[in-house]
file start_0.pdb (PDB, C-alpha atoms)
ATOM      1  CA  MET A  12    -140.562-208.335  31.094
ATOM      2  CA  VAL A  13    -144.164-207.173  30.732
ATOM      3  CA  ASN A  14    -144.100-208.464  27.164
ATOM      4  CA  ARG A  15    -142.766-211.801  28.339
ATOM      5  CA  VAL A  16    -145.536-212.017  30.953
ATOM      6  CA  LEU A  17    -148.161-211.413  28.273
ATOM      7  CA  THR A  18    -146.639-213.823  25.763
ATOM      8  CA  VAL A  19    -146.151-216.641  28.259
ATOM      9  CA  SER A  20    -149.654-216.166  29.736
ATOM     10  CA  LEU A  21    -151.223-216.243  26.282
ATOM     11  CA  LEU A  22    -149.277-219.260  25.053
ATOM     12  CA  ALA A  23    -149.605-221.273  28.266
ATOM     13  CA  GLY A  24    -153.306-220.435  28.512
ATOM     14  CA  LEU A  25    -153.904-221.346  24.898
ATOM     15  CA  LEU A  26    -152.190-224.731  25.283
ATOM     16  CA  ALA A  27    -153.818-225.601  28.599
ATOM     17  CA  GLY A  28    -157.221-224.243  27.543
ATOM     18  CA  LEU A  29    -157.297-226.256  24.326
ATOM     19  CA  LEU A  30    -156.298-229.439  26.124
ATOM     20  CA  ILE A  31    -158.738-229.019  29.004
ATOM     21  CA  GLY A  32    -161.435-227.760  26.622
ATOM     22  CA  ALA A  33    -161.202-231.071  24.781
ATOM     23  CA  LEU A  34    -161.302-232.949  28.095
ATOM     24  CA  GLN A  35    -164.360-230.933  29.151
ATOM     25  CA  HIS A  36    -166.106-231.807  25.925
ATOM     26  CA  VAL A  37    -166.024-235.507  26.744
ATOM     27  CA  THR A  38    -166.425-235.349  30.542
ATOM     28  CA  THR A  39    -168.435-232.543  32.152
ATOM     29  CA  THR A  40    -170.310-231.036  29.188
ATOM     30  CA  PRO A  41    -172.309-234.226  28.443
ATOM     31  CA  LEU A  42    -173.428-234.255  32.099
ATOM     32  CA  ILE A  43    -174.441-230.572  31.908
ATOM     33  CA  LEU A  44    -176.517-231.303  28.803
ATOM     34  CA  LYS A  45    -178.123-234.260  30.541
ATOM     35  CA  ALA A  46    -178.888-232.148  33.611
ATOM     36  CA  GLU A  47    -180.518-229.500  31.423
ATOM     37  CA  THR A  48    -183.123-232.008  30.318
ATOM     38  CA  PHE A  49    -184.083-232.492  33.980
ATOM     39  CA  GLU A  50    -183.973-228.741  34.509
ATOM     40  CA  THR A  51    -186.325-228.074  31.611
ATOM     41  CA  ALA A  52    -188.763-230.643  32.935
ATOM     42  CA  MET A  53    -188.540-229.102  36.382
ATOM     43  CA  ARG A  54    -189.133-225.595  35.086
ATOM     44  CA  ALA A  55    -192.282-226.728  33.385
ATOM     45  CA  LEU A  56    -193.416-228.277  36.650
ATOM     46  CA  GLU A  57    -192.462-225.118  38.552
ATOM     47  CA  ALA A  58    -194.496-222.950  36.165
ATOM     48  CA  GLN A  59    -197.479-225.194  36.771
ATOM     49  CA  GLN A  60    -197.064-224.996  40.529
ATOM     50  CA  ALA A  61    -196.530-221.245  40.462
ATOM     51  CA  ALA A  62    -199.719-220.817  38.496
ATOM     52  CA  PHE A  63    -201.431-223.015  41.030
ATOM     53  CA  SER A  64    -200.146-221.459  44.271
ATOM     54  CA  GLY A  65    -199.688-217.900  43.063
ATOM     55  CA  ASP A  66    -195.913-217.643  43.573
ATOM     56  CA  ALA A  67    -192.741-219.655  43.195
ATOM     57  CA  LYS A  68    -190.531-219.603  46.259
ATOM     58  CA  VAL A  69    -187.676-221.758  45.073
ATOM     59  CA  VAL A  70    -184.969-219.887  43.194
ATOM     60  CA  LEU A  71    -184.044-222.279  40.462
ATOM     61  CA  ALA A  72    -181.088-222.182  38.186
ATOM     62  CA  HIS A  73    -181.937-220.173  35.059
ATOM     63  CA  SER A  74    -185.347-219.151  36.341
ATOM     64  CA  GLY A  75    -183.921-216.039  38.041
ATOM     65  CA  HIS A  76    -183.463-214.274  34.744
ATOM     66  CA  GLU A  77    -186.133-211.946  33.481
ATOM     67  CA  GLY A  78    -188.302-214.766  32.235
ATOM     68  CA  GLY A  79    -189.346-215.149  28.662
ATOM     69  CA  GLU A  80    -190.143-211.510  27.959
ATOM     70  CA  HIS A  81    -186.779-210.728  26.360
ATOM     71  CA  PRO A  82    -185.374-213.522  24.295
ATOM     72  CA  GLU A  83    -181.740-213.649  25.439
ATOM     73  CA  TRP A  84    -178.818-214.447  23.241
ATOM     74  CA  LYS A  85    -177.522-217.956  23.831
ATOM     75  CA  PRO A  86    -174.992-219.992  21.917
ATOM     76  CA  GLU A  87    -176.653-222.622  19.765
ATOM     77  CA  ASP A  88    -176.151-226.182  20.882
ATOM     78  CA  GLY A  89    -173.527-228.006  18.911
ATOM     79  CA  PHE A  90    -170.490-226.382  17.362
ATOM     80  CA  GLN A  91    -171.174-222.823  18.555
ATOM     81  CA  ARG A  92    -171.644-223.877  22.158
ATOM     82  CA  THR A  93    -168.607-226.170  22.159
ATOM     83  CA  ALA A  94    -166.438-223.520  20.523
ATOM     84  CA  LEU A  95    -167.496-220.847  23.008
ATOM     85  CA  THR A  96    -166.986-223.162  25.969
ATOM     86  CA  THR A  97    -163.475-223.948  24.751
ATOM     87  CA  LEU A  98    -162.775-220.266  24.136
ATOM     88  CA  VAL A  99    -163.922-219.364  27.644
ATOM     89  CA  THR A 100    -161.789-222.157  29.107
ATOM     90  CA  ILE A 101    -158.798-220.768  27.183
ATOM     91  CA  ALA A 102    -159.530-217.294  28.594
ATOM     92  CA  THR A 103    -159.700-218.765  32.101
ATOM     93  CA  ALA A 104    -156.406-220.581  31.583
ATOM     94  CA  ILE A 105    -154.770-217.358  30.351
ATOM     95  CA  GLY A 106    -156.100-215.682  33.489
ATOM     96  CA  PHE A 107    -154.751-218.448  35.735
ATOM     97  CA  ALA A 108    -151.373-218.321  33.942
ATOM     98  CA  ALA A 109    -151.194-214.559  34.465
ATOM     99  CA  LEU A 110    -152.126-214.912  38.141
ATOM    100  CA  LEU A 111    -149.443-217.587  38.608
ATOM    101  CA  LEU A 112    -146.811-215.419  36.919
ATOM    102  CA  GLY A 113    -147.909-212.353  38.881
ATOM    103  CA  GLY A 114    -147.641-214.258  42.155
ATOM    104  CA  MET A 115    -144.270-215.785  41.386
ATOM    105  CA  ILE A 116    -142.765-212.527  40.109
ATOM    106  CA  ALA A 117    -144.130-210.580  43.085
ATOM    107  CA  ALA A 118    -142.724-213.195  45.477
ATOM    108  CA  GLY A 119    -139.368-213.020  43.685
ATOM    109  CA  ASP A 120    -139.420-216.747  42.938
ATOM    110  CA  ARG A 121    -137.383-218.491  40.317
ATOM    111  CA  ILE A 122    -139.803-219.615  37.589
ATOM    112  CA  ASP A 123    -139.259-223.126  36.274
ATOM    113  CA  ASP A 124    -141.442-226.183  35.775
ATOM    114  CA  ARG A 125    -141.103-227.381  39.377
ATOM    115  CA  THR A 126    -141.839-224.068  41.103
ATOM    116  CA  ALA A 127    -144.656-223.271  38.667
ATOM    117  CA  LEU A 128    -146.250-226.667  39.335
ATOM    118  CA  ALA A 129    -146.049-226.080  43.095
ATOM    119  CA  TRP A 130    -147.730-222.672  42.658
ATOM    120  CA  ALA A 131    -150.340-224.246  40.393
ATOM    121  CA  ALA A 132    -151.125-226.898  43.013
ATOM    122  CA  CYS A 133    -151.660-224.111  45.552
ATOM    123  CA  GLY A 134    -153.769-222.282  42.966
ATOM    124  CA  PHE A 135    -155.994-225.331  42.674
ATOM    125  CA  LEU A 136    -156.293-225.548  46.458
ATOM    126  CA  ALA A 137    -157.165-221.854  46.819
ATOM    127  CA  PHE A 138    -159.408-221.400  43.759
ATOM    128  CA  GLY A 139    -160.749-224.932  43.375
ATOM    129  CA  LEU A 140    -160.768-227.407  46.204
ATOM    130  CA  VAL A 141    -161.214-225.155  49.241
ATOM    131  CA  PRO A 142    -164.089-223.018  47.844
ATOM    132  CA  ALA A 143    -165.674-226.299  46.669
ATOM    133  CA  ALA A 144    -165.747-227.463  50.283
ATOM    134  CA  GLY A 145    -168.363-224.758  50.876
ATOM    135  CA  LEU A 146    -169.958-224.393  47.443
ATOM    136  CA  ALA A 147    -169.757-227.763  45.729
ATOM    137  CA  PRO A 148    -169.547-227.782  41.936
ATOM    138  CA  GLU A 149    -173.143-228.126  40.833
ATOM    139  CA  LEU A 150    -175.094-228.931  37.723
ATOM    140  CA  PRO A 151    -177.745-226.691  36.211
ATOM    141  CA  GLY A 152    -181.037-227.375  37.941
ATOM    142  CA  SER A 153    -179.678-227.422  41.480
ATOM    143  CA  ALA A 154    -181.250-225.069  43.963
ATOM    144  CA  ALA A 155    -178.822-222.439  45.199
ATOM    145  CA  ALA A 156    -178.701-219.377  47.421
ATOM    146  CA  GLU A 157    -178.588-215.786  46.091
ATOM    147  CA  LEU A 158    -175.905-215.572  43.395
ATOM    148  CA  VAL A 159    -174.158-212.430  44.671
ATOM    149  CA  HIS A 160    -173.799-213.894  48.167
ATOM    150  CA  ARG A 161    -172.231-217.050  46.782
ATOM    151  CA  GLN A 162    -169.907-215.057  44.540
ATOM    152  CA  ILE A 163    -168.752-212.898  47.445
ATOM    153  CA  TRP A 164    -168.179-215.964  49.627
ATOM    154  CA  TRP A 165    -166.300-217.708  46.823
ATOM    155  CA  ILE A 166    -164.005-214.756  46.056
ATOM    156  CA  ALA A 167    -163.337-214.059  49.740
ATOM    157  CA  THR A 168    -162.584-217.729  50.412
ATOM    158  CA  ALA A 169    -160.251-218.012  47.420
ATOM    159  CA  LEU A 170    -158.315-214.861  48.345
ATOM    160  CA  VAL A 171    -158.079-215.703  52.048
ATOM    161  CA  THR A 172    -156.973-219.268  51.247
ATOM    162  CA  ALA A 173    -154.351-218.065  48.759
ATOM    163  CA  GLY A 174    -153.018-215.529  51.265
ATOM    164  CA  GLY A 175    -153.129-218.048  54.111
ATOM    165  CA  LEU A 176    -151.246-220.658  52.101
ATOM    166  CA  PHE A 177    -148.601-218.116  51.149
ATOM    167  CA  VAL A 178    -148.071-216.977  54.736
ATOM    168  CA  PHE A 179    -148.011-220.566  56.025
ATOM    169  CA  LEU A 180    -145.468-221.700  53.418
ATOM    170  CA  ARG A 181    -143.214-218.625  53.492
ATOM    171  CA  MET A 182    -143.225-217.364  57.082
ATOM    172  CA  GLU A 183    -141.372-219.045  59.888
ATOM    173  CA  ALA A 184    -143.040-217.475  62.933
ATOM    174  CA  PRO A 185    -145.394-220.030  64.562
ATOM    175  CA  TRP A 186    -147.979-217.367  65.448
ATOM    176  CA  LEU A 187    -148.140-216.244  61.822
ATOM    177  CA  ARG A 188    -148.640-219.815  60.686
ATOM    178  CA  ALA A 189    -151.342-220.353  63.285
ATOM    179  CA  LEU A 190    -153.012-217.157  62.081
ATOM    180  CA  ALA A 191    -152.817-218.434  58.495
ATOM    181  CA  VAL A 192    -154.556-221.690  59.432
ATOM    182  CA  LEU A 193    -157.257-219.765  61.302
ATOM    183  CA  ALA A 194    -157.740-217.463  58.306
ATOM    184  CA  ILE A 195    -158.113-220.449  55.970
ATOM    185  CA  LEU A 196    -160.718-221.997  58.281
ATOM    186  CA  ALA A 197    -162.644-218.773  58.921
ATOM    187  CA  PRO A 198    -164.823-218.746  55.765
ATOM    188  CA  HIS A 199    -165.939-222.302  56.548
ATOM    189  CA  VAL A 200    -166.761-221.421  60.140
ATOM    190  CA  ILE A 201    -168.849-218.519  58.832
ATOM    191  CA  GLY A 202    -170.311-220.929  56.300
ATOM    192  CA  ALA A 203    -171.143-220.676  52.639
ATOM    193  CA  PRO A 204    -174.583-219.400  51.645
ATOM    194  CA  HIS A 205    -176.914-222.334  50.966
ATOM    195  CA  PRO A 206    -180.552-222.555  49.953
ATOM    196  CA  ALA A 207    -183.096-223.382  52.631
ATOM    197  CA  ALA A 208    -183.804-226.739  51.061
ATOM    198  CA  PRO A 209    -182.149-228.702  48.289
ATOM    199  CA  GLU A 210    -184.549-228.883  45.371
ATOM    200  CA  SER A 211    -182.581-230.480  42.565
ATOM    201  CA  LYS A 212    -184.334-233.054  40.462
ATOM    202  CA  VAL A 213    -181.053-234.084  38.883
ATOM    203  CA  PRO A 214    -180.336-237.637  40.092
ATOM    204  CA  ALA A 215    -177.715-237.704  42.849
ATOM    205  CA  GLU A 216    -175.540-240.152  40.918
ATOM    206  CA  ILE A 217    -175.173-237.689  38.041
ATOM    207  CA  ALA A 218    -174.558-234.760  40.396
ATOM    208  CA  ALA A 219    -171.907-236.691  42.359
ATOM    209  CA  HIS A 220    -170.186-237.804  39.178
ATOM    210  CA  PHE A 221    -170.183-234.225  37.931
ATOM    211  CA  THR A 222    -168.692-232.887  41.170
ATOM    212  CA  ALA A 223    -165.846-235.400  41.054
ATOM    213  CA  LEU A 224    -165.176-234.675  37.375
ATOM    214  CA  SER A 225    -165.313-230.932  37.956
ATOM    215  CA  LEU A 226    -162.664-231.093  40.669
ATOM    216  CA  GLY A 227    -160.512-233.290  38.450
ATOM    217  CA  ILE A 228    -160.841-230.889  35.516
ATOM    218  CA  GLN A 229    -160.007-227.929  37.718
ATOM    219  CA  ALA A 230    -156.913-229.681  39.044
ATOM    220  CA  ALA A 231    -155.884-230.587  35.494
ATOM    221  CA  LEU A 232    -156.438-227.021  34.265
ATOM    222  CA  TRP A 233    -154.288-225.547  37.033
ATOM    223  CA  LEU A 234    -151.522-228.124  36.728
ATOM    224  CA  VAL A 235    -151.311-228.052  32.919
ATOM    225  CA  THR A 236    -151.359-224.235  32.971
ATOM    226  CA  GLY A 237    -148.656-224.185  35.645
ATOM    227  CA  PHE A 238    -146.498-226.679  33.820
ATOM    228  CA  ALA A 239    -146.810-224.745  30.552
ATOM    229  CA  VAL A 240    -145.879-221.509  32.355
ATOM    230  CA  GLY A 241    -142.904-223.233  33.976
ATOM    231  CA  VAL A 242    -141.632-224.549  30.666
ATOM    232  CA  LEU A 243    -142.337-221.472  28.529
ATOM    233  CA  TRP A 244    -140.994-218.821  30.920
ATOM    234  CA  PRO A 245    -137.378-220.102  31.084
ATOM    235  CA  TRP A 246    -137.475-220.667  27.314
ATOM    236  CA  MET A 247    -138.625-217.098  26.632
ATOM    237  CA  SER A 248    -136.073-215.762  29.136
ATOM    238  CA  ARG A 249    -133.247-217.597  27.387
ATOM    239  CA  ARG A 250    -134.402-216.176  24.068
ATOM    240  CA  ALA A 251    -134.585-212.664  25.540
ATOM    241  CA  ALA A 252    -131.097-213.046  27.028
ATOM    242  CA  ALA A 253    -129.705-214.347  23.740
ATOM    243  CA  ALA A 254    -131.294-211.608  21.607
ATOM    244  CA  PRO A 255    -129.065-208.617  22.590
ATOM    245  CA  ALA A 256    -125.939-210.750  22.242
ATOM    246  CA  THR A 257    -126.750-211.609  18.671
ATOM    247  CA  ALA A 258    -127.952-208.095  17.819
TER
ATOM    248  CA  MET B  22    -118.393-197.341  38.489
ATOM    249  CA  ASN B  23    -119.069-201.025  38.236
ATOM    250  CA  THR B  24    -121.111-201.003  41.424
ATOM    251  CA  ASN B  25    -122.993-197.945  40.139
ATOM    252  CA  THR B  26    -124.087-199.618  36.938
ATOM    253  CA  ALA B  27    -124.921-202.770  38.863
ATOM    254  CA  SER B  28    -127.150-200.898  41.290
ATOM    255  CA  ILE B  29    -128.804-198.958  38.483
ATOM    256  CA  SER B  30    -129.539-202.109  36.547
ATOM    257  CA  SER B  31    -130.854-203.883  39.644
ATOM    258  CA  GLN B  32    -133.080-200.886  40.384
ATOM    259  CA  ALA B  33    -134.356-201.026  36.845
ATOM    260  CA  SER B  34    -135.057-204.701  37.225
ATOM    261  CA  VAL B  35    -136.967-204.119  40.477
ATOM    262  CA  SER B  36    -139.261-201.600  38.810
ATOM    263  CA  GLU B  37    -139.526-203.959  35.831
ATOM    264  CA  ARG B  38    -140.551-206.724  38.203
ATOM    265  CA  VAL B  39    -143.137-204.566  39.935
ATOM    266  CA  LYS B  40    -144.581-203.556  36.575
ATOM    267  CA  ALA B  41    -144.591-207.124  35.289
ATOM    268  CA  ALA B  42    -146.200-208.509  38.457
ATOM    269  CA  ALA B  43    -148.841-205.757  38.468
ATOM    270  CA  ALA B  44    -149.633-206.278  34.780
ATOM    271  CA  ALA B  45    -149.920-210.035  35.285
ATOM    272  CA  LEU B  46    -152.151-209.745  38.353
ATOM    273  CA  VAL B  47    -154.424-207.183  36.698
ATOM    274  CA  LEU B  48    -154.714-209.226  33.489
ATOM    275  CA  GLY B  49    -155.377-212.434  35.443
ATOM    276  CA  SER B  50    -157.974-210.875  37.743
ATOM    277  CA  VAL B  51    -159.846-209.153  34.914
ATOM    278  CA  LEU B  52    -159.949-212.341  32.838
ATOM    279  CA  VAL B  53    -161.004-214.612  35.681
ATOM    280  CA  PHE B  54    -163.604-212.102  36.860
ATOM    281  CA  THR B  55    -165.104-211.697  33.391
ATOM    282  CA  VAL B  56    -165.155-215.405  32.716
ATOM    283  CA  GLY B  57    -166.337-216.529  36.122
ATOM    284  CA  PHE B  58    -168.320-213.720  37.698
ATOM    285  CA  ALA B  59    -169.565-211.035  35.280
ATOM    286  CA  HIS B  60    -173.356-210.674  35.482
ATOM    287  CA  SER B  61    -173.895-209.749  31.831
ATOM    288  CA  THR B  62    -176.365-212.263  30.418
ATOM    289  CA  SER B  63    -174.450-212.715  27.174
ATOM    290  CA  VAL B  64    -171.191-213.361  29.033
ATOM    291  CA  HIS B  65    -173.038-215.734  31.359
ATOM    292  CA  ASN B  66    -174.593-217.691  28.515
ATOM    293  CA  ALA B  67    -171.328-217.921  26.605
ATOM    294  CA  ALA B  68    -169.391-218.967  29.699
ATOM    295  CA  HIS B  69    -172.154-221.165  31.114
ATOM    296  CA  ASP B  70    -170.666-224.629  30.666
ATOM    297  CA  THR B  71    -167.202-223.541  31.731
ATOM    298  CA  ARG B  72    -168.578-221.788  34.807
ATOM    299  CA  HIS B  73    -170.279-224.994  35.866
ATOM    300  CA  THR B  74    -167.274-227.159  35.097
ATOM    301  CA  LEU B  75    -164.847-224.912  36.969
ATOM    302  CA  ALA B  76    -167.357-224.480  39.832
ATOM    303  CA  PHE B  77    -167.640-220.701  39.642
ATOM    304  CA  PRO B  78    -170.920-219.792  41.360
ATOM    305  CA  CYS B  79    -173.443-219.750  38.516
ATOM    306  CA  HIS B  80    -177.036-218.517  37.977
TER
END
call {"tool": "encode", "arguments": {"input": "start_0.pdb", "output": "structure tokens"}}
result
Amino acid sequence: MVNRVLTVSLLAGLLAGLLIGALQHVTTTPLILKAETFETAMRALEAQQAAFSGDAKVVLAHSGHEGGEHPEWKPEDGFQRTALTTLVTIATAIGFAALLLGGMIAAGDRIDDRTALAWAACGFLAFGLVPAAGLAPELPGSAAAELVHRQIWWIATALVTAGGLFVFLRMEAPWLRALAVLAILAPHVIGAPHPAAPESKVPAEIAAHFTALSLGIQAALWLVTGFAVGVLWPWMSRRAAAAPATA
Amino acid sequence: MNTNTASISSQASVSERVKAAAAALVLGSVLVFTVGFAHSTSVHNAAHDTRHTLAFPCH
């Protein structure tokens, strides 16, 4: 069964990652590249201002790294960057597929295309839409709060939302369901970490377009991954069941 | 005897399930964490565009 989990995660992730990687290439990546031109211009301006006023208070995307002292490895624009982005998307999809399988197996659910799609939709809610309500998908160049704080808020929100959804959908007791709703709302009552002032020079139209596309891509990644898991798992199970009979 | 074998095989399948679920959750968490959250600069730069697209907190 462990082997089947690995095989199905890898195959489903590979399929979904390749498909969404291609989609990314024509939707969000061009906007990221466009935003980087604004970011570069802004960094030049920031360097000027910092030299003028003695310090730079705004924490800008990319400027938090150790500056230009150590040239850092970066994929070259073009094929290398596209290939790596696709590879990383495939790795993410494999991760999502494994999480879906882990959840469904732990819950003792039957795994087919319909159940896997339902789990994937919840995965998108917990790891995509709900964290985005606090930390909107943003382009390079946007001002943002301390990275670690945002990461902690994001992970906590995703886990609490996933747990809350599970309790709400699987438990009958009204008080448990009420508790689940409260738990899902709690991170938003606490509030996501935000910078003191928005400082992005990326035009709002581009940023808004990117946010909408990002949510769409995330939904597509979850749903395609879930569907692939739901189709591949029963197929692999049938093969595994047939194997000893023929042996 | 039938019930015995049945209970043994169902026990085996429970431990199989626990192992499979644990393996899947560990694999998934490690992958998603590396891709979305690891602070290593090389990992960040390689994953940059995907992190932005999938709205993992970046930079």
call {"tool": "resolve_selection", "arguments": {"input": "start_0.pdb", "expression": "the ChimeraX specification (/B :<8) & /A", "output": "JSON, numbers by chain"}}
result
{"A": [12, 13, 16, 17, 35, 39, 40, 43, 72, 73, 75, 83, 84, 85, 86, 92, 95, 96, 97, 99, 100, 102, 103, 105, 106, 107, 108, 109, 110, 112, 113, 114, 116, 117, 139, 143, 146, 147, 148, 149, 150, 151, 158, 161, 162, 165, 225, 226, 228, 229]}
call {"tool": "atom_distance", "arguments": {"input": "start_0.pdb", "atom1": "CA of Leu140 (chain A)", "atom2": "CA of Ala94 (chain A)"}}
result
26.6 Å
call {"tool": "atom_distance", "arguments": {"input": "start_0.pdb", "atom1": "CA of Ala184 (chain A)", "atom2": "CA of Ala144 (chain A)"}}
result
27.8 Å
call {"tool": "closest_residue", "arguments": {"input": "start_0.pdb", "among": "A:Ala155, A:Leu187, A:Leu243, A:Leu111", "to": "Ala132 (chain A)", "atoms": "all atoms listed in the file"}}
result
A:Leu111
call {"tool": "atom_distance", "arguments": {"input": "start_0.pdb", "atom1": "CA of Leu34 (chain A)", "atom2": "CA of Ala203 (chain A)"}}
result
29.2 Å
call {"tool": "residues_around", "arguments": {"input": "start_0.pdb", "residues": "Ala239 (chain A)", "least_positions_apart": "6", "cutoff": "10 Å", "atoms": "all atoms listed in the file", "output": "number ranges by chain"}}
result
A: 19-20, 22-27, 108, 123-124, 127-128, 233
call {"tool": "resolve_selection", "arguments": {"input": "start_0.pdb", "expression": "the PyMOL selection byres ((chain A and resi 176) around 12)", "output": "ChimeraX atom specification"}}
result
/A:129-130,132-138,141,168-175,177-182,187-196
call {"tool": "decode", "arguments": {"input": "start_0.pdb", "residues": "region 183-245 of chain A", "atoms": "C-alpha atoms", "output": "PDB file, in the first residue's frame"}}
result
ATOM      1  CA  GLU A 183     -22.634  15.559  13.787  1.00  0.00           C
ATOM      2  CA  ALA A 184     -22.565  17.299  17.176  1.00  0.00           C
ATOM      3  CA  PRO A 185     -23.671  20.949  16.763  1.00  0.00           C
ATOM      4  CA  TRP A 186     -21.184  22.198  19.373  1.00  0.00           C
ATOM      5  CA  LEU A 187     -18.316  20.556  17.498  1.00  0.00           C
ATOM      6  CA  ARG A 188     -19.441  22.164  14.268  1.00  0.00           C
ATOM      7  CA  ALA A 189     -19.748  25.540  15.957  1.00  0.00           C
ATOM      8  CA  LEU A 190     -16.243  25.064  17.350  1.00  0.00           C
ATOM      9  CA  ALA A 191     -14.994  24.215  13.850  1.00  0.00           C
ATOM     10  CA  VAL A 192     -16.450  27.430  12.420  1.00  0.00           C
ATOM     11  CA  LEU A 193     -14.902  29.449  15.252  1.00  0.00           C
ATOM     12  CA  ALA A 194     -11.536  27.766  14.659  1.00  0.00           C
ATOM     13  CA  ILE A 195     -11.690  28.588  10.942  1.00  0.00           C
ATOM     14  CA  LEU A 196     -12.471  32.234  11.728  1.00  0.00           C
ATOM     15  CA  ALA A 197      -9.885  32.603  14.502  1.00  0.00           C
ATOM     16  CA  PRO A 198      -6.788  33.275  12.341  1.00  0.00           C
ATOM     17  CA  HIS A 199      -8.681  36.058  10.557  1.00  0.00           C
ATOM     18  CA  VAL A 200      -9.810  37.601  13.828  1.00  0.00           C
ATOM     19  CA  ILE A 201      -6.178  37.564  14.970  1.00  0.00           C
ATOM     20  CA  GLY A 202      -5.268  38.954  11.566  1.00  0.00           C
ATOM     21  CA  ALA A 203      -2.505  38.242   9.112  1.00  0.00           C
ATOM     22  CA  PRO A 204       0.763  40.153   9.454  1.00  0.00           C
ATOM     23  CA  HIS A 205       0.776  43.144   7.097  1.00  0.00           C
ATOM     24  CA  PRO A 206       3.297  45.880   6.418  1.00  0.00           C
ATOM     25  CA  ALA A 207       2.686  49.283   7.959  1.00  0.00           C
ATOM     26  CA  ALA A 208       2.057  50.815   4.569  1.00  0.00           C
ATOM     27  CA  PRO A 209       1.607  49.357   1.112  1.00  0.00           C
ATOM     28  CA  GLU A 210       4.568  50.388  -1.003  1.00  0.00           C
ATOM     29  CA  SER A 211       4.173  48.498  -4.254  1.00  0.00           C
ATOM     30  CA  LYS A 212       4.901  50.353  -7.440  1.00  0.00           C
ATOM     31  CA  VAL A 213       3.374  47.559  -9.484  1.00  0.00           C
ATOM     32  CA  PRO A 214       0.198  48.981 -11.062  1.00  0.00           C
ATOM     33  CA  ALA A 215      -2.939  47.822  -9.246  1.00  0.00           C
ATOM     34  CA  GLU A 216      -4.457  46.449 -12.448  1.00  0.00           C
ATOM     35  CA  ILE A 217      -1.549  44.035 -12.895  1.00  0.00           C
ATOM     36  CA  ALA A 218      -1.576  43.047  -9.217  1.00  0.00           C
ATOM     37  CA  ALA A 219      -5.346  42.419  -9.252  1.00  0.00           C
ATOM     38  CA  HIS A 220      -5.101  40.383 -12.432  1.00  0.00           C
ATOM     39  CA  PHE A 221      -2.294  38.343 -10.907  1.00  0.00           C
ATOM     40  CA  THR A 222      -4.258  37.655  -7.718  1.00  0.00           C
ATOM     41  CA  ALA A 223      -7.258  36.396  -9.678  1.00  0.00           C
ATOM     42  CA  LEU A 224      -5.059  34.229 -11.910  1.00  0.00           C
ATOM     43  CA  SER A 225      -3.150  32.873  -8.931  1.00  0.00           C
ATOM     44  CA  LEU A 226      -6.330  31.717  -7.213  1.00  0.00           C
ATOM     45  CA  GLY A 227      -7.523  30.150 -10.454  1.00  0.00           C
ATOM     46  CA  ILE A 228      -4.222  28.318 -10.943  1.00  0.00           C
ATOM     47  CA  GLN A 229      -4.266  27.082  -7.368  1.00  0.00           C
ATOM     48  CA  ALA A 230      -7.810  25.784  -7.772  1.00  0.00           C
ATOM     49  CA  ALA A 231      -6.837  24.096 -11.042  1.00  0.00           C
ATOM     50  CA  LEU A 232      -3.733  22.527  -9.480  1.00  0.00           C
ATOM     51  CA  TRP A 233      -5.715  21.071  -6.580  1.00  0.00           C
ATOM     52  CA  LEU A 234      -8.595  19.839  -8.717  1.00  0.00           C
ATOM     53  CA  VAL A 235      -6.441  18.296 -11.463  1.00  0.00           C
ATOM     54  CA  THR A 236      -4.229  16.648  -8.823  1.00  0.00           C
ATOM     55  CA  GLY A 237      -7.294  15.341  -6.994  1.00  0.00           C
ATOM     56  CA  PHE A 238      -8.893  14.039 -10.149  1.00  0.00           C
ATOM     57  CA  ALA A 239      -5.678  12.284 -11.202  1.00  0.00           C
ATOM     58  CA  VAL A 240      -5.382  10.705  -7.737  1.00  0.00           C
ATOM     59  CA  GLY A 241      -9.014   9.596  -7.899  1.00  0.00           C
ATOM     60  CA  VAL A 242      -8.558   7.976 -11.286  1.00  0.00           C
ATOM     61  CA  LEU A 243      -5.121   6.430 -10.711  1.00  0.00           C
ATOM     62  CA  TRP A 244      -5.742   4.980  -7.239  1.00  0.00           C
ATOM     63  CA  PRO A 245      -8.626   2.635  -8.201  1.00  0.00           C
TER      64      PRO A 245
END
